[in-house]
>>> print(open('target-v8.txt').read())   # compact mmCIF, C-alpha atoms
# COMPACT_ATOMS: atom_id res chain seq x y z
CA MET A 1 7.68 1.73 -22.72
CA ILE A 2 6.98 0.99 -19.06
CA THR A 3 6.77 -2.61 -17.85
CA PHE A 4 4.57 -2.73 -14.76
CA TRP A 5 5.09 -5.87 -12.68
CA GLY A 6 2.52 -6.86 -10.08
CA TYR A 7 0.78 -9.57 -8.08
CA GLN A 8 -1.97 -11.06 -10.25
CA PRO A 9 -4.97 -10.57 -7.89
CA GLY A 10 -4.03 -6.91 -7.34
CA LEU A 11 -3.38 -5.81 -10.92
CA PHE A 12 -6.90 -4.39 -11.18
CA GLY A 13 -5.53 -1.20 -9.62
CA ILE A 14 -3.32 -0.34 -12.58
CA THR A 15 -5.58 -1.88 -15.25
CA ASN A 16 -8.60 0.09 -14.00
CA TYR A 17 -6.50 3.25 -14.04
CA LEU A 18 -5.33 2.67 -17.61
CA ALA A 19 -8.90 2.02 -18.69
CA ASP A 20 -10.07 5.35 -17.27
CA ARG A 21 -7.96 8.30 -16.12
CA GLY A 22 -4.77 6.76 -17.49
CA ALA A 23 -6.23 5.98 -20.93
CA PRO A 24 -4.16 8.72 -22.66
CA ILE A 25 -0.95 6.92 -21.67
CA ARG A 26 -2.23 3.33 -21.95
CA GLU A 27 0.04 2.55 -24.89
CA LEU A 28 3.10 3.29 -22.77
CA PHE A 29 2.43 0.30 -20.48
CA GLU A 30 2.96 -3.43 -20.58
CA ILE A 31 1.35 -5.17 -17.59
CA ARG A 32 3.11 -8.31 -16.34
CA PRO A 33 2.11 -10.48 -13.39
CA TYR A 34 4.78 -12.16 -11.34
CA ARG A 35 4.88 -15.78 -12.54
CA TRP A 36 7.28 -18.58 -11.70
CA SER A 37 6.52 -21.02 -14.51
CA THR A 38 9.68 -20.73 -16.63
CA PRO A 39 13.31 -19.86 -15.88
CA SER A 40 13.74 -17.94 -19.15
CA ILE A 41 11.66 -14.75 -19.29
CA GLU A 42 11.48 -12.39 -22.26
CA VAL A 43 11.39 -8.76 -21.18
CA GLN A 44 11.58 -5.44 -22.97
CA GLY A 45 13.91 -2.54 -22.50
CA GLY A 46 12.63 0.70 -21.07
CA ALA A 47 11.45 1.55 -17.57
CA HIS A 48 10.32 -1.18 -15.17
CA ILE A 49 8.12 -0.72 -12.10
CA PHE A 50 8.17 -3.52 -9.52
CA ALA A 51 4.91 -3.13 -7.61
CA ALA A 52 3.32 -5.22 -4.85
CA LEU A 53 6.62 -6.40 -3.36
CA ASP A 54 4.79 -6.89 -0.06
CA ARG A 55 2.64 -9.60 -1.65
CA LEU A 56 5.65 -11.70 -2.65
CA THR A 57 6.91 -14.67 -0.66
CA PRO A 58 10.61 -14.67 0.36
CA ALA A 59 11.62 -16.80 -2.62
CA GLY A 60 9.41 -14.73 -4.90
CA ARG A 61 11.16 -11.59 -3.75
CA ASP A 62 14.53 -13.23 -4.39
CA ALA A 63 13.39 -14.10 -7.91
CA VAL A 64 12.31 -10.52 -8.58
CA GLY A 65 15.67 -9.44 -7.18
CA GLU A 66 17.36 -11.57 -9.85
CA ILE A 67 15.23 -9.93 -12.55
CA TYR A 68 16.11 -6.48 -11.19
CA GLU A 69 19.82 -7.28 -11.07
CA GLN A 70 19.94 -8.54 -14.66
CA LEU A 71 17.95 -5.55 -15.90
CA SER A 72 20.33 -3.22 -14.08
CA ALA A 73 23.27 -4.80 -15.89
CA GLN A 74 21.64 -4.71 -19.32
CA LEU A 75 19.83 -1.36 -19.05
CA PRO A 76 22.28 1.09 -17.43
CA GLY A 77 20.65 4.45 -16.77
CA VAL A 78 17.11 3.20 -17.45
CA PRO A 79 14.55 3.81 -14.65
CA LEU A 80 14.03 0.67 -12.55
CA LEU A 81 11.62 1.47 -9.74
CA ASN A 82 11.61 -0.48 -6.43
CA ASP A 83 14.65 -2.67 -5.95
CA PRO A 84 13.19 -5.69 -4.09
CA ARG A 85 16.46 -6.17 -2.22
CA ARG A 86 16.48 -2.63 -0.88
CA ALA A 87 12.83 -1.60 -0.45
CA LEU A 88 11.52 -1.67 3.12
CA LEU A 89 8.12 -3.24 3.66
CA ARG A 90 5.60 -2.10 6.26
CA GLU A 91 7.11 -3.51 9.44
CA GLY A 92 10.68 -2.64 8.50
CA LEU A 93 9.79 0.86 7.36
CA LEU A 94 7.72 1.80 10.41
CA THR A 95 10.40 0.40 12.73
CA ARG A 96 13.12 2.38 10.93
CA LEU A 97 11.08 5.58 11.05
CA ALA A 98 10.46 5.18 14.79
CA ASP A 99 14.14 4.46 15.41
CA GLN A 100 15.08 7.65 13.55
CA GLY A 101 12.54 9.76 15.41
CA ILE A 102 10.46 10.50 12.33
CA ASN A 103 7.44 8.59 13.62
CA ARG A 104 6.21 9.03 17.20
CA PHE A 105 4.74 5.54 17.41
CA ARG A 106 6.06 1.98 17.12
CA VAL A 107 4.91 -1.31 15.68
CA TYR A 108 5.46 -4.86 16.95
CA ARG A 109 4.96 -8.28 15.44
CA GLY A 110 1.72 -9.97 16.39
CA ASP A 111 3.60 -12.87 17.96
CA GLN A 112 5.45 -10.50 20.34
CA PRO A 113 2.63 -8.92 22.41
CA GLU A 114 4.83 -8.94 25.51
CA ALA A 115 7.04 -6.27 23.88
CA VAL A 116 4.23 -3.70 23.87
CA GLY A 117 4.51 -1.13 26.63
CA THR A 118 2.33 1.72 25.31
CA PHE A 119 -1.44 1.56 24.88
CA PRO A 120 -3.83 1.88 23.15
CA VAL A 121 -2.86 -0.21 20.15
CA PHE A 122 -4.66 -1.86 17.25
CA LEU A 123 -4.00 -4.83 15.00
CA ARG A 124 -3.57 -4.91 11.24
CA GLU A 125 -2.02 -7.18 8.61
CA THR A 126 1.70 -7.05 7.91
CA SER A 127 0.71 -6.75 4.24
CA GLY A 128 -2.61 -6.05 2.58
CA HIS A 129 -4.56 -2.85 2.86
CA SER A 130 -7.73 -3.61 4.78
CA GLY A 131 -6.86 -1.11 7.52
CA SER A 132 -7.41 -1.89 11.17
CA LEU A 133 -8.62 -5.37 12.07
CA THR A 134 -9.64 -4.22 15.55
CA GLY A 135 -10.71 -1.16 17.41
CA LEU A 136 -8.38 0.50 19.91
CA LEU A 137 -7.14 -1.98 22.54
CA ASP A 138 -6.36 -0.30 25.86
CA SER A 139 -4.58 -3.06 27.82
CA PRO A 140 -2.51 -6.24 27.48
CA ALA A 141 -5.63 -8.24 28.32
CA ALA A 142 -7.62 -6.61 25.51
CA LEU A 143 -4.73 -7.19 23.11
CA GLY A 144 -4.56 -10.85 24.10
CA ARG A 145 -8.30 -11.33 23.54
CA ALA A 146 -8.11 -9.67 20.11
CA LEU A 147 -5.17 -11.84 19.07
CA ARG A 148 -7.05 -14.99 20.11
CA SER A 149 -10.14 -13.79 18.27
CA LEU A 150 -8.22 -13.22 15.05
CA ARG A 151 -6.42 -16.54 15.42
CA VAL A 152 -9.76 -18.35 15.58
CA ARG A 153 -10.60 -16.55 12.32
CA GLY A 154 -7.49 -17.98 10.69
CA ARG A 155 -5.08 -15.07 11.18
CA ARG A 156 -1.61 -16.11 12.29
CA PRO A 157 -0.03 -13.76 14.86
CA ALA A 158 3.17 -13.71 12.78
CA ASP A 159 1.13 -12.18 9.92
CA LEU A 160 -0.16 -9.34 12.11
CA LEU A 161 1.26 -6.04 13.30
CA ILE A 162 0.53 -4.45 16.66
CA VAL A 163 0.47 -0.69 16.06
CA GLU A 164 0.62 2.00 18.73
CA TYR A 165 -2.19 4.48 18.27
CA CYS A 166 -1.07 7.95 17.14
CA HIS A 167 -3.79 10.57 17.64
CA THR A 168 -3.86 13.10 14.78
CA ALA A 169 -7.27 14.78 15.11
CA ASP A 170 -7.33 18.58 15.19
CA ALA A 171 -8.94 20.66 17.93
CA ASP A 172 -12.36 20.10 16.31
CA GLY A 173 -11.95 16.31 16.31
CA LEU A 174 -11.35 16.06 12.55
CA PHE A 175 -8.89 13.44 11.30
CA ARG A 176 -7.02 13.90 8.02
CA LYS A 177 -5.27 11.23 5.99
CA TYR A 178 -2.87 12.63 3.42
CA ALA A 179 -1.66 10.65 0.42
CA ALA A 180 1.04 11.30 -2.17
CA PHE A 181 2.56 9.25 -4.98
CA LYS A 182 6.20 8.73 -5.79
CA VAL A 183 6.83 7.96 -9.47
CA GLY A 184 10.51 7.99 -10.28
CA ARG A 185 11.74 11.46 -9.36
CA ALA A 186 8.26 12.98 -9.07
CA ILE A 187 6.28 13.51 -5.87
CA VAL A 188 2.58 13.87 -6.74
CA PRO A 189 0.17 14.77 -3.91
CA CYS A 190 -3.02 12.74 -4.29
CA HIS A 191 -5.70 13.64 -1.73
CA ILE A 192 -6.68 14.50 1.81
CA LEU A 193 -9.40 12.35 3.34
CA ALA A 194 -11.14 14.08 6.24
CA GLY A 195 -13.62 12.71 8.75
CA ARG A 196 -14.41 11.81 12.34
CA GLN A 197 -13.06 8.25 12.28
CA TRP A 198 -9.46 7.64 13.30
CA MET A 199 -9.07 4.90 10.66
CA MET A 200 -9.80 6.90 7.53
CA LYS A 201 -10.87 5.18 4.32
CA ALA A 202 -12.29 6.70 1.16
CA GLU A 203 -15.84 5.76 2.15
CA SER A 204 -15.53 7.70 5.42
CA ASP A 205 -14.33 10.90 3.70
CA LYS A 206 -16.76 13.74 4.43
CA LYS A 207 -15.78 16.75 2.33
CA SER A 208 -17.00 20.19 3.20
CA LEU A 209 -16.14 23.12 0.94
CA GLN A 210 -13.36 24.04 3.37
CA ASN A 211 -11.92 20.50 3.23
CA ALA A 212 -12.13 20.45 -0.57
CA GLU A 213 -10.31 23.78 -0.83
CA GLU A 214 -7.68 22.53 1.63
CA GLU A 215 -7.18 19.43 -0.52
CA LEU A 216 -6.79 21.48 -3.71
CA ALA A 217 -4.22 23.72 -2.00
CA TYR A 218 -2.34 20.61 -0.81
CA LEU A 219 -2.16 19.27 -4.36
CA ASN A 220 -1.01 22.59 -5.79
CA GLU A 221 1.49 23.54 -3.07
CA ASN A 222 2.97 20.11 -2.20
CA PRO A 223 3.85 21.42 1.30
CA HIS A 224 5.53 18.23 2.57
CA ARG A 225 7.64 17.58 -0.54
CA ASP A 226 11.06 17.58 1.18
CA TRP A 227 9.83 15.35 4.00
CA LEU A 228 8.22 12.97 1.50
CA GLU A 229 11.46 12.73 -0.49
CA ARG A 230 13.30 11.87 2.71
CA VAL A 231 10.84 9.15 3.73
CA PHE A 232 10.78 7.53 0.30
CA GLY A 233 14.58 7.63 0.31
CA ILE A 234 14.72 5.87 3.69
CA ALA A 235 12.21 3.31 2.39
CA GLY A 236 14.23 2.66 -0.80
CA ILE A 237 11.03 3.07 -2.81
CA GLU A 238 10.63 4.88 -6.14
CA TYR A 239 7.04 3.88 -6.88
CA GLY A 240 4.18 3.79 -4.41
CA ARG A 241 1.68 5.88 -2.47
CA ILE A 242 2.43 7.06 1.02
CA ASP A 243 -0.46 7.48 3.48
CA TYR A 244 0.23 9.72 6.45
CA GLY A 245 -1.25 12.00 9.08
CA VAL A 246 0.00 15.12 10.83
CA GLN A 247 0.28 15.31 14.62
CA ALA A 248 0.87 18.79 16.05
CA GLY A 249 2.45 19.88 12.78
CA VAL A 250 4.69 16.81 12.44
CA PRO A 251 3.89 14.28 9.64
CA GLN A 252 3.50 10.64 10.71
CA VAL A 253 3.76 7.76 8.22
CA TRP A 254 1.01 5.14 8.23
CA GLU A 255 2.34 3.08 5.30
CA ILE A 256 3.66 3.10 1.76
CA ASN A 257 1.34 1.16 -0.52
CA LEU A 258 3.41 -0.54 -3.23
CA ASP A 259 0.41 -1.39 -5.42
CA PRO A 260 -2.07 1.45 -4.90
CA THR A 261 -5.46 1.74 -6.52
CA ILE A 262 -5.46 4.84 -8.71
CA GLY A 263 -8.81 6.57 -9.04
CA ARG A 264 -12.17 4.91 -9.09
CA GLN A 265 -13.29 1.84 -10.98
CA PRO A 266 -14.25 2.62 -14.62
CA GLY A 267 -17.95 3.35 -14.91
CA LYS A 268 -18.37 3.93 -11.19
CA PRO A 269 -19.78 7.41 -10.50
CA PRO A 270 -17.93 9.70 -8.10
CA ARG A 271 -19.19 9.90 -4.54
CA PRO A 272 -21.95 12.50 -4.32
CA VAL A 273 -20.99 15.86 -2.83
CA SER A 274 -22.81 19.18 -2.55
CA PRO A 275 -23.00 21.44 -5.63
CA GLU A 276 -20.57 23.91 -4.05
CA VAL A 277 -17.99 21.20 -3.33
CA ALA A 278 -18.17 19.39 -6.70
CA PRO A 279 -16.21 21.89 -8.85
CA VAL A 280 -13.41 22.15 -6.28
CA ARG A 281 -13.26 18.35 -5.92
CA ASP A 282 -13.20 17.96 -9.70
CA ALA A 283 -10.40 20.52 -10.06
CA ALA A 284 -8.35 18.55 -7.53
CA ARG A 285 -8.91 15.27 -9.40
CA LEU A 286 -7.97 16.92 -12.70
CA ALA A 287 -4.78 18.35 -11.18
CA PHE A 288 -3.74 15.04 -9.62
CA HIS A 289 -4.36 12.88 -12.68
CA SER A 290 -2.69 15.25 -15.13
CA ARG A 291 0.43 15.36 -12.92
CA LEU A 292 0.43 11.59 -12.41
CA ARG A 293 0.23 10.98 -16.16
CA ALA A 294 3.12 13.39 -16.65
CA ALA A 295 5.17 11.55 -13.99
CA PHE A 296 4.62 8.19 -15.71
CA SER A 297 5.38 9.68 -19.12
CA ALA A 298 8.68 11.09 -17.81
CA LEU A 299 9.89 7.51 -17.25
CA VAL A 300 9.74 6.75 -20.97
CA GLN A 301 13.00 7.12 -22.86
CA PRO A 302 13.29 7.81 -26.58
CA GLY A 303 13.94 5.03 -29.05
CA GLU A 304 12.41 1.67 -29.80
CA PRO A 305 12.75 -0.69 -26.81
CA VAL A 306 14.68 -3.89 -27.41
CA ARG A 307 13.60 -7.25 -26.08
CA PHE A 308 15.89 -9.73 -24.39
CA ARG A 309 15.78 -12.57 -21.88
CA VAL A 310 16.58 -12.88 -18.21
CA GLU A 311 17.49 -16.28 -16.86
CA LEU A 312 16.41 -17.43 -13.40
CA ASP A 313 17.51 -20.34 -11.23
CA PRO A 314 14.99 -23.20 -11.71
CA ALA A 315 15.41 -24.27 -8.07
CA LEU A 316 14.58 -20.75 -6.90
CA LEU A 317 11.50 -20.67 -9.13
CA ALA A 318 10.35 -24.03 -7.80
CA ARG A 319 10.67 -22.76 -4.24
CA ALA A 320 8.82 -19.55 -5.17
CA GLY A 321 6.02 -21.60 -6.74
CA ARG A 322 5.64 -23.77 -3.64
CA GLU A 323 5.60 -20.76 -1.34
CA LEU A 324 3.01 -19.01 -3.51
CA ALA A 325 0.77 -22.09 -3.51
CA ARG A 326 0.95 -22.25 0.30
CA ALA A 327 0.21 -18.54 0.60
CA ARG A 328 -2.84 -18.83 -1.64
CA ARG A 329 -4.14 -21.83 0.32
CA ARG A 330 -3.72 -19.80 3.51
CA GLU A 331 -5.59 -16.85 1.98
CA ALA A 332 -8.41 -19.17 0.93
CA MET A 333 -8.58 -20.68 4.43
CA VAL A 334 -8.78 -17.24 6.06
CA GLY A 335 -11.54 -16.24 3.63
CA PHE A 336 -13.45 -19.41 4.43
CA LEU A 337 -13.15 -18.92 8.20
CA VAL A 338 -14.12 -15.25 8.03
CA ALA A 339 -17.17 -16.07 5.88
CA GLY A 340 -18.10 -18.94 8.19
CA TYR A 341 -17.83 -16.71 11.23
CA ALA A 342 -20.20 -14.20 9.61
CA ARG A 343 -22.83 -16.95 9.41
CA LEU A 344 -22.39 -18.33 12.92
CA PRO A 345 -25.73 -18.46 14.80
CA LEU A 346 -23.85 -17.87 18.06
CA ARG A 347 -21.76 -15.01 16.70
CA ALA A 348 -22.86 -12.60 19.44
CA ALA A 349 -21.73 -14.99 22.15
CA PHE A 350 -18.52 -15.69 20.27
CA ARG A 351 -17.73 -11.99 20.06
CA ARG A 352 -18.25 -11.61 23.78
CA LEU A 353 -15.69 -14.34 24.39
CA PHE A 354 -13.27 -13.11 21.70
CA PRO A 355 -14.07 -9.45 21.05
CA ASN A 356 -12.65 -8.19 17.78
CA ARG A 357 -13.62 -4.55 18.16
>>> encode(input="target-v8.txt", output="structure tokens")
Amino acid sequence: MITFWGYQPGLFGITNYLADRGAPIRELFEIRPYRWSTPSIEVQGGAHIFAALDRLTPAGRDAVGEIYEQLSAQLPGVPLLNDPRRALLREGLLTRLADQGINRFRVYRGDQPEAVGTFPVFLRETSGHSGSLTGLLDSPAALGRALRSLRVRGRRPADLLIVEYCHTADADGLFRKYAAFKVGRAIVPCHILAGRQWMMKAESDKKSLQNAEEELAYLNENPHRDWLERVFGIAGIEYGRIDYGVQAGVPQVWEINLDPTIGRQPGKPPRPVSPEVAPVRDAARLAFHSRLRAAFSALVQPGEPVRFRVELDPALLARAGRELARARRREAMVGFLVAGYARLPLRAAFRRLFPNR
């Protein structure tokens, strides 16, 4: 069995997967949200995946660290993916990769704009996966205005990253975002999104036949495997999806998503493509999902899993619960302010004073 731990609001990613493309291996999984309601937790033997570590508060991460440590002692040799005390989150990972010369760009905390010396930059969350919160900011003054704008919308500078822009378009102006999964010992290429926007999301993917064939070759050849193994090793991560680009032949890491969405929502039709592209796209999806299922299945060890208990410090759990409650109140406040801003009658004037993009 595989116990998949995650942050409650984000568990739709794995549950949707197991309801659709992952249905053949659904019985291998037990889904468990991180909860801090009791110091005695019954768990099962077998593999454990600790996802969404970036959504945990400091005390929450300490609590998961205790769970990991006790599992390590009681399940020697069993796959335990993502040690919360070793895994690097977004800011730490991107800083380490820049320091080691793997990435050609740097990141800075949102409350340290004076440290930025290279422009353009953009702003994004330290955690979460909404992409860029701004367009490209070409000066300290533009950065300052964007930070003030986001602060009015409820975003704390300490929760933001300032990211140096790394241009990865080819000679024809086409951007590519590569993605690959790490599941235990397996590296599974996922997709290449291609389009004219520098911040690539699935909805901006514009696949030609050439792009679809390039994606299928990427999945089959796994050309960056050794580099991917190295980056995941530096990150201390055994489960997640890495998103990256390639600048002049050199891969550049955007992030490692520790709770990635896998495939589309059940019942949602695939994005329409031309008749010539569809069979190539479908072959790529079939290849990816069959390999991903095999990677998950490889984590399962023979024998009937036992169940036992891990014991956590009640004071630590109480602190984790308080931190989680504060974090959720903050998320609700940001949502309220963002929604309120969208309805402001004077929004145009507001955006002139505090431009966000």
>>> residues_around(input="target-v8.txt", residues="stretch 23-25 of chain A", least_positions_apart="3", cutoff="9 Å", atoms="all atoms listed in the file", output="compact mmCIF listing (two decimals) with C-alpha atoms, in the coordinates of the input")
# COMPACT_ATOMS: atom_id res chain seq x y z
CA TYR A 17 -6.50 3.25 -14.04
CA LEU A 18 -5.33 2.67 -17.61
CA ALA A 19 -8.90 2.02 -18.69
CA ASP A 20 -10.07 5.35 -17.27
CA LEU A 28 3.10 3.29 -22.77
CA PHE A 29 2.43 0.30 -20.48
CA ARG A 293 0.23 10.98 -16.16
CA PHE A 296 4.62 8.19 -15.71
CA SER A 297 5.38 9.68 -19.12
>>> atom_distance(input="target-v8.txt", atom1="atom CA of A:Asp99", atom2="atom CA of A:Val183")
26.2 Å
>>> residues_around(input="target-v8.txt", residues="A:Arg176", least_positions_apart="4", cutoff="8 Å", atoms="all atoms listed in the file", output="MDAnalysis selection string")
chainID A and resid 168:169 192:195 200 245:246
>>> closest_residue(input="target-v8.txt", among="A:Ser274, A:Ser132, A:Asn222, A:Gln265", to="A:Arg291", atoms="all atoms listed in the file")
A:Asn222
>>> closest_residue(input="target-v8.txt", among="A:Tyr178, A:Ser149, A:Arg32, A:Val121", to="A:Val253", atoms="all atoms listed in the file")
A:Tyr178
>>> closest_residue(input="target-v8.txt", among="A:Gly110, A:Ala52, A:Ser139, A:Gly22", to="A:Arg151", atoms="all atoms listed in the file")
A:Gly110
>>> atom_distance(input="target-v8.txt", atom1="atom CA of A:Ile2", atom2="atom CA of A:His48")
5.6 Å
>>> closest_residue(input="target-v8.txt", among="A:Phe119, A:Tyr218, A:Tyr7, A:Trp36", to="A:Asp313", atoms="all atoms listed in the file")
A:Trp36
>>> closest_residue(input="target-v8.txt", among="A:Arg85, A:Arg322, A:Arg156, A:His167", to="A:Arg104", atoms="all atoms listed in the file")
A:His167
>>> closest_residue(input="target-v8.txt", among="A:Val188, A:Val107, A:Ala295, A:Leu71", to="A:Arg90", atoms="all atoms listed in the file")
A:Val107
>>> atom_distance(input="target-v8.txt", atom1="atom CA of A:Val334", atom2="atom CA of A:Asp54")
18.1 Å
>>> residues_around(input="target-v8.txt", residues="A:Ser40", least_positions_apart="5", cutoff="9 Å", atoms="all atoms listed in the file", output="count of residues only")
4
>>> residues_around(input="target-v8.txt", residues="A:Glu276", least_positions_apart="3", cutoff="8 Å", atoms="only C-alpha atoms", output="CSV table (one decimal) with C-alpha atoms, keeping the file's coordinate frame")
chain,number,residue,atom,x,y,z
A,209,LEU,CA,-16.1,23.1,0.9
A,279,PRO,CA,-16.2,21.9,-8.8
A,280,VAL,CA,-13.4,22.2,-6.3
>>> residues_near_point(input="target-v8.txt", point="(10.3, -2.4, -1.5)", cutoff="8 Å", atoms="all atoms listed in the file", output="PyMOL selection string")
chain A and resi 53-54+82-89+235-237+258
>>> write_last_selection(input="target-v8.txt", atoms="C-alpha atoms", output="mmCIF file, in the frame of the given file")
data_model
loop_
_atom_site.group_PDB
_atom_site.id
_atom_site.type_symbol
_atom_site.label_atom_id
_atom_site.label_comp_id
_atom_site.auth_asym_id
_atom_site.auth_seq_id
_atom_site.Cartn_x
_atom_site.Cartn_y
_atom_site.Cartn_z
ATOM 1 C CA LEU A 53 6.620 -6.400 -3.360
ATOM 2 C CA ASP A 54 4.790 -6.890 -0.060
ATOM 3 C CA ASN A 82 11.610 -0.480 -6.430
ATOM 4 C CA ASP A 83 14.650 -2.670 -5.950
ATOM 5 C CA PRO A 84 13.190 -5.690 -4.090
ATOM 6 C CA ARG A 85 16.460 -6.170 -2.220
ATOM 7 C CA ARG A 86 16.480 -2.630 -0.880
ATOM 8 C CA ALA A 87 12.830 -1.600 -0.450
ATOM 9 C CA LEU A 88 11.520 -1.670 3.120
ATOM 10 C CA LEU A 89 8.120 -3.240 3.660
ATOM 11 C CA ALA A 235 12.210 3.310 2.390
ATOM 12 C CA GLY A 236 14.230 2.660 -0.800
ATOM 13 C CA ILE A 237 11.030 3.070 -2.810
ATOM 14 C CA LEU A 258 3.410 -0.540 -3.230
#
>>> residues_around(input="target-v8.txt", residues="A:Thr95", least_positions_apart="5", cutoff="9 Å", atoms="all atoms listed in the file", output="mmCIF file with C-alpha atoms, keeping the file's coordinate frame")
data_model
loop_
_atom_site.group_PDB
_atom_site.id
_atom_site.type_symbol
_atom_site.label_atom_id
_atom_site.label_comp_id
_atom_site.auth_asym_id
_atom_site.auth_seq_id
_atom_site.Cartn_x
_atom_site.Cartn_y
_atom_site.Cartn_z
ATOM 1 C CA ARG A 90 5.600 -2.100 6.260
ATOM 2 C CA GLN A 100 15.080 7.650 13.550
ATOM 3 C CA ASN A 103 7.440 8.590 13.620
ATOM 4 C CA PHE A 105 4.740 5.540 17.410
ATOM 5 C CA ARG A 106 6.060 1.980 17.120
ATOM 6 C CA VAL A 107 4.910 -1.310 15.680
ATOM 7 C CA TYR A 108 5.460 -4.860 16.950
#
>>> residues_near_point(input="target-v8.txt", point="(7.3, 5.9, 8.2)", cutoff="8 Å", atoms="only C-alpha atoms", output="mmCIF file with C-alpha atoms, in the coordinates of the input")
data_model
loop_
_atom_site.group_PDB
_atom_site.id
_atom_site.type_symbol
_atom_site.label_atom_id
_atom_site.label_comp_id
_atom_site.auth_asym_id
_atom_site.auth_seq_id
_atom_site.Cartn_x
_atom_site.Cartn_y
_atom_site.Cartn_z
ATOM 1 C CA LEU A 93 9.790 0.860 7.360
ATOM 2 C CA LEU A 94 7.720 1.800 10.410
ATOM 3 C CA THR A 95 10.400 0.400 12.730
ATOM 4 C CA ARG A 96 13.120 2.380 10.930
ATOM 5 C CA LEU A 97 11.080 5.580 11.050
ATOM 6 C CA ALA A 98 10.460 5.180 14.790
ATOM 7 C CA ILE A 102 10.460 10.500 12.330
ATOM 8 C CA ASN A 103 7.440 8.590 13.620
ATOM 9 C CA VAL A 231 10.840 9.150 3.730
ATOM 10 C CA GLN A 252 3.500 10.640 10.710
ATOM 11 C CA VAL A 253 3.760 7.760 8.220
ATOM 12 C CA TRP A 254 1.010 5.140 8.230
ATOM 13 C CA GLU A 255 2.340 3.080 5.300
ATOM 14 C CA ILE A 256 3.660 3.100 1.760
#
>>> axis_aligned_box(input="target-v8.txt", around="stretch 86-97 of chain A", padding_each_side="5 Å", output="JSON")
{"center_x": 11.0, "center_y": 1.0, "center_z": 5.9, "size_x": 20.9, "size_y": 19.1, "size_z": 23.6}
